[in-house]
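Read through the structure below, which is laid out as structure tokens, and then see the notes.
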Amino acid sequence: MAGARTATTPANWRPPSIPRDREGRYYPSLLQPYARHQVDVGEVAVALYAAGVTQRKAAEVMSLLLGHRYSHETVSALTDGVLEKVSAFRQRPLPEEMAWVYLDGFFLKVHREGLGVEKEAVYVALGVTPCGERQILGFWLLPTENASAWEGVLKELWGRGLRRVLLFVTDGLPGIEEAIRRVYPQAGWQRCVVHQVRGSLG
């Protein structure tokens with residue numbers, strides 16, 4: 001079955017059909033000019049692994065986030081030399097401006113040495129530049145999700161160079177809007193429609 005990626009054309013967006021290899025790594029050179037519209041798979045794998053997520057669980061999360069099946073062997077290959085990549089990923093400077101920043105969190109069971117398996121929150125910040133390029137700004141693994149922790153995440157984004165955001169999109173977590181206002185007072189805020197629909201159905 002072919003995987004779906006998105007390519008830009010002058011008139012519209014359309015998903016070209018791309019054959020898969022066993023590890024899901026094949027990507028035709030013809031589509032390289034469109035690579036700026038793709039989330040960096042290696043960055044996702046490294047960030048999750050750095051946060052303490054197992055390779056098998058990281059493969060599941062990547063499949064969920066990126067809409068493509070990844071095996072734990074693929075994650076293992078992507079995380080070779082992970083320490084240097086982790087350091088660079090966590091400290092890399094960010095662009096000064098983002099059109100949108102999506103903030104979301106989900107829970108995973110994480111194995112901690114000496115503590116067993118615990119449920120912890122994975123925080124995700126995904127930015128979209130004014131040119132439409134998507135960038136994973138960071139992943140954080142914390143004991144629980146709350147507005148105070150998100151404020152710490154936002155301060156880190158500011159400290160790494162992100163100064164202007166047109167709009168933040170989040171779920172309806174209590175206090176999240178106020179946390180955004182304290183760090184990015186000029187930014188707009190909108191509750192994610194998907195979360196609103198889920199809430200109304202729940």
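Lettering and numbering for the structure tokens are positional, with chains as A, B, ... in the shown order, residues counted from 1 in each chain, and ligands counted from 1 in the shown order.
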
Show me, as JSON lines, the residues of stretch 107-186 of chain A having an atom within 9 Å of stretch 57-60 of chain A, each with the closest atom pair and its distance in Å, using only C-alpha atoms.
{"residue": "A:Leu108", "atom": "CA", "partner": "A:Lys57", "partner_atom": "CA", "distance": 8.4}
{"residue": "A:Lys109", "atom": "CA", "partner": "A:Lys57", "partner_atom": "CA", "distance": 8.8}
{"residue": "A:Val110", "atom": "CA", "partner": "A:Lys57", "partner_atom": "CA", "distance": 8.9}

Let me see the file: selected residues, C-alpha atoms, as a compact mmCIF listing (two decimals), in the first residue's frame.
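Everything below was put into out36.txt:
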# COMPACT_ATOMS: atom_id res chain seq x y z
CA LEU A 108 2.41 7.38 27.82
CA LYS A 109 3.52 4.59 30.12
CA VAL A 110 7.23 5.16 30.70

Test item: residues at most 6 Å from A:Cys192, only C-alpha atoms, excluding those fewer than 4 positions along its chain, as JSON, numbers by chain: {"A": [169, 170, 171]}

Pick out the residues sitting within 12 Å of stretch 123-132 of chain A, and hand them over as number ranges by chain; count only C-alpha atoms, and ignore anything fewer than 6 positions along from it in its own chain. A: 8, 34-40, 43-44, 47-48, 51, 61, 65, 94-108, 138-147, 149-154, 156-157, 162, 164-170

Those same residues - C-alpha atoms - I'd like them written as an mmCIF file, in the first residue's frame.
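Written output follows (part-v1.cif):
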data_model
loop_
_atom_site.group_PDB
_atom_site.id
_atom_site.type_symbol
_atom_site.label_atom_id
_atom_site.label_comp_id
_atom_site.auth_asym_id
_atom_site.auth_seq_id
_atom_site.Cartn_x
_atom_site.Cartn_y
_atom_site.Cartn_z
ATOM 1 C CA THR A 8 2.418 21.642 -3.115
ATOM 2 C CA TYR A 34 8.887 19.654 -1.266
ATOM 3 C CA ALA A 35 10.750 18.327 1.772
ATOM 4 C CA ARG A 36 10.268 21.614 3.628
ATOM 5 C CA HIS A 37 6.613 20.646 4.111
ATOM 6 C CA GLN A 38 7.512 17.409 5.885
ATOM 7 C CA VAL A 39 8.128 16.981 9.599
ATOM 8 C CA ASP A 40 11.660 15.628 10.156
ATOM 9 C CA GLU A 43 13.886 14.779 14.933
ATOM 10 C CA VAL A 44 10.726 13.096 16.203
ATOM 11 C CA ALA A 47 13.194 13.754 20.785
ATOM 12 C CA LEU A 48 11.001 10.882 21.965
ATOM 13 C CA ALA A 51 12.503 11.946 26.679
ATOM 14 C CA VAL A 61 3.802 7.473 18.719
ATOM 15 C CA LEU A 65 1.629 11.629 14.861
ATOM 16 C CA LEU A 94 14.513 28.716 16.979
ATOM 17 C CA PRO A 95 13.273 31.159 14.328
ATOM 18 C CA GLU A 96 12.207 34.532 15.725
ATOM 19 C CA GLU A 97 8.702 34.242 14.303
ATOM 20 C CA MET A 98 6.031 31.578 13.881
ATOM 21 C CA ALA A 99 2.618 32.058 12.324
ATOM 22 C CA TRP A 100 1.045 29.325 14.460
ATOM 23 C CA VAL A 101 2.203 27.152 17.318
ATOM 24 C CA TYR A 102 0.216 24.061 18.262
ATOM 25 C CA LEU A 103 0.602 22.878 21.844
ATOM 26 C CA ASP A 104 -0.681 19.479 22.889
ATOM 27 C CA GLY A 105 0.009 16.778 25.424
ATOM 28 C CA PHE A 106 -0.727 13.079 25.673
ATOM 29 C CA PHE A 107 0.094 10.372 28.190
ATOM 30 C CA LEU A 108 2.406 7.378 27.820
ATOM 31 C CA GLY A 138 10.324 20.432 21.075
ATOM 32 C CA PHE A 139 9.141 17.477 23.139
ATOM 33 C CA TRP A 140 9.125 17.347 26.928
ATOM 34 C CA LEU A 141 8.327 14.452 29.252
ATOM 35 C CA LEU A 142 6.823 15.560 32.580
ATOM 36 C CA PRO A 143 4.898 13.823 35.378
ATOM 37 C CA THR A 144 1.574 15.474 34.515
ATOM 38 C CA GLU A 145 0.020 18.113 32.258
ATOM 39 C CA ASN A 146 -0.894 21.507 33.690
ATOM 40 C CA ALA A 147 -0.725 25.185 32.755
ATOM 41 C CA ALA A 149 4.351 23.247 33.190
ATOM 42 C CA TRP A 150 3.248 24.648 29.831
ATOM 43 C CA GLU A 151 4.378 28.099 30.953
ATOM 44 C CA GLY A 152 7.820 26.621 31.588
ATOM 45 C CA VAL A 153 7.799 25.164 28.071
ATOM 46 C CA LEU A 154 6.841 28.554 26.611
ATOM 47 C CA GLU A 156 12.095 27.783 27.087
ATOM 48 C CA LEU A 157 10.845 28.496 23.553
ATOM 49 C CA LEU A 162 11.097 32.422 19.421
ATOM 50 C CA ARG A 164 6.723 36.429 17.921
ATOM 51 C CA VAL A 165 3.779 34.056 17.472
ATOM 52 C CA LEU A 166 0.627 35.100 15.649
ATOM 53 C CA LEU A 167 -1.611 32.392 17.105
ATOM 54 C CA PHE A 168 -1.349 29.580 19.637
ATOM 55 C CA VAL A 169 -3.707 26.613 19.228
ATOM 56 C CA THR A 170 -4.271 24.400 22.275
#

Please give the complete set of residues from stretch 149-188 of chain A that DSSP, run on the backbone, assigns to helix (DSSP H, G or I), formatted as a PyMOL selection string. chain A and resi 149-159+176-183

Could you write out that same residue set with C-alpha atoms as a compact mmCIF listing (two decimals), in the first residue's frame?
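New file selection_10.txt:
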# COMPACT_ATOMS: atom_id res chain seq x y z
CA ALA A 149 4.35 23.25 33.19
CA TRP A 150 3.25 24.65 29.83
CA GLU A 151 4.38 28.10 30.95
CA GLY A 152 7.82 26.62 31.59
CA VAL A 153 7.80 25.16 28.07
CA LEU A 154 6.84 28.55 26.61
CA LYS A 155 9.64 30.29 28.52
CA GLU A 156 12.09 27.78 27.09
CA LEU A 157 10.84 28.50 23.55
CA TRP A 158 11.31 32.22 24.22
CA GLY A 159 14.79 31.61 25.56
CA ILE A 176 -3.31 27.58 29.43
CA GLU A 177 -4.52 30.85 27.88
CA GLU A 178 -3.23 32.85 30.85
CA ALA A 179 0.13 31.05 30.68
CA ILE A 180 0.45 32.03 27.02
CA ARG A 181 -0.44 35.65 27.81
CA ARG A 182 2.30 35.87 30.44
CA VAL A 183 5.04 34.77 28.04

To one decimal place, how far is atom CA of A:Arg134 from atom CA of A:Arg90 in Å? 17.2 Å

Between atom CA of A:Gln55 and atom CA of A:Ala88, what is the distance in Å, rounded to a tenth? 19.7 Å

Test item, strand (DSSP E or B) assignment across stretch 30-202 of chain A, answer as a PyMOL selection string: chain A and resi 97-112+116-128+134-142+164-170+188-191

Pairwise distance for atom CA of A:Thr74 and atom CA of A:Arg92, rounded to one decimal in Å: 24.0 Å

Could you check which of A:Val117, A:Thr54, A:Pro174, A:Arg191 is closest to A:His72, using only C-alpha atoms? A:Thr54

Compare A:Gly161, A:Gly116, A:Gly42, A:Gly188 by their minimum atom-to-atom distance to A:Thr79, counting only C-alpha atoms, and give me the closest one.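 Under the stated criterion, the closest residue is A:Gly42.
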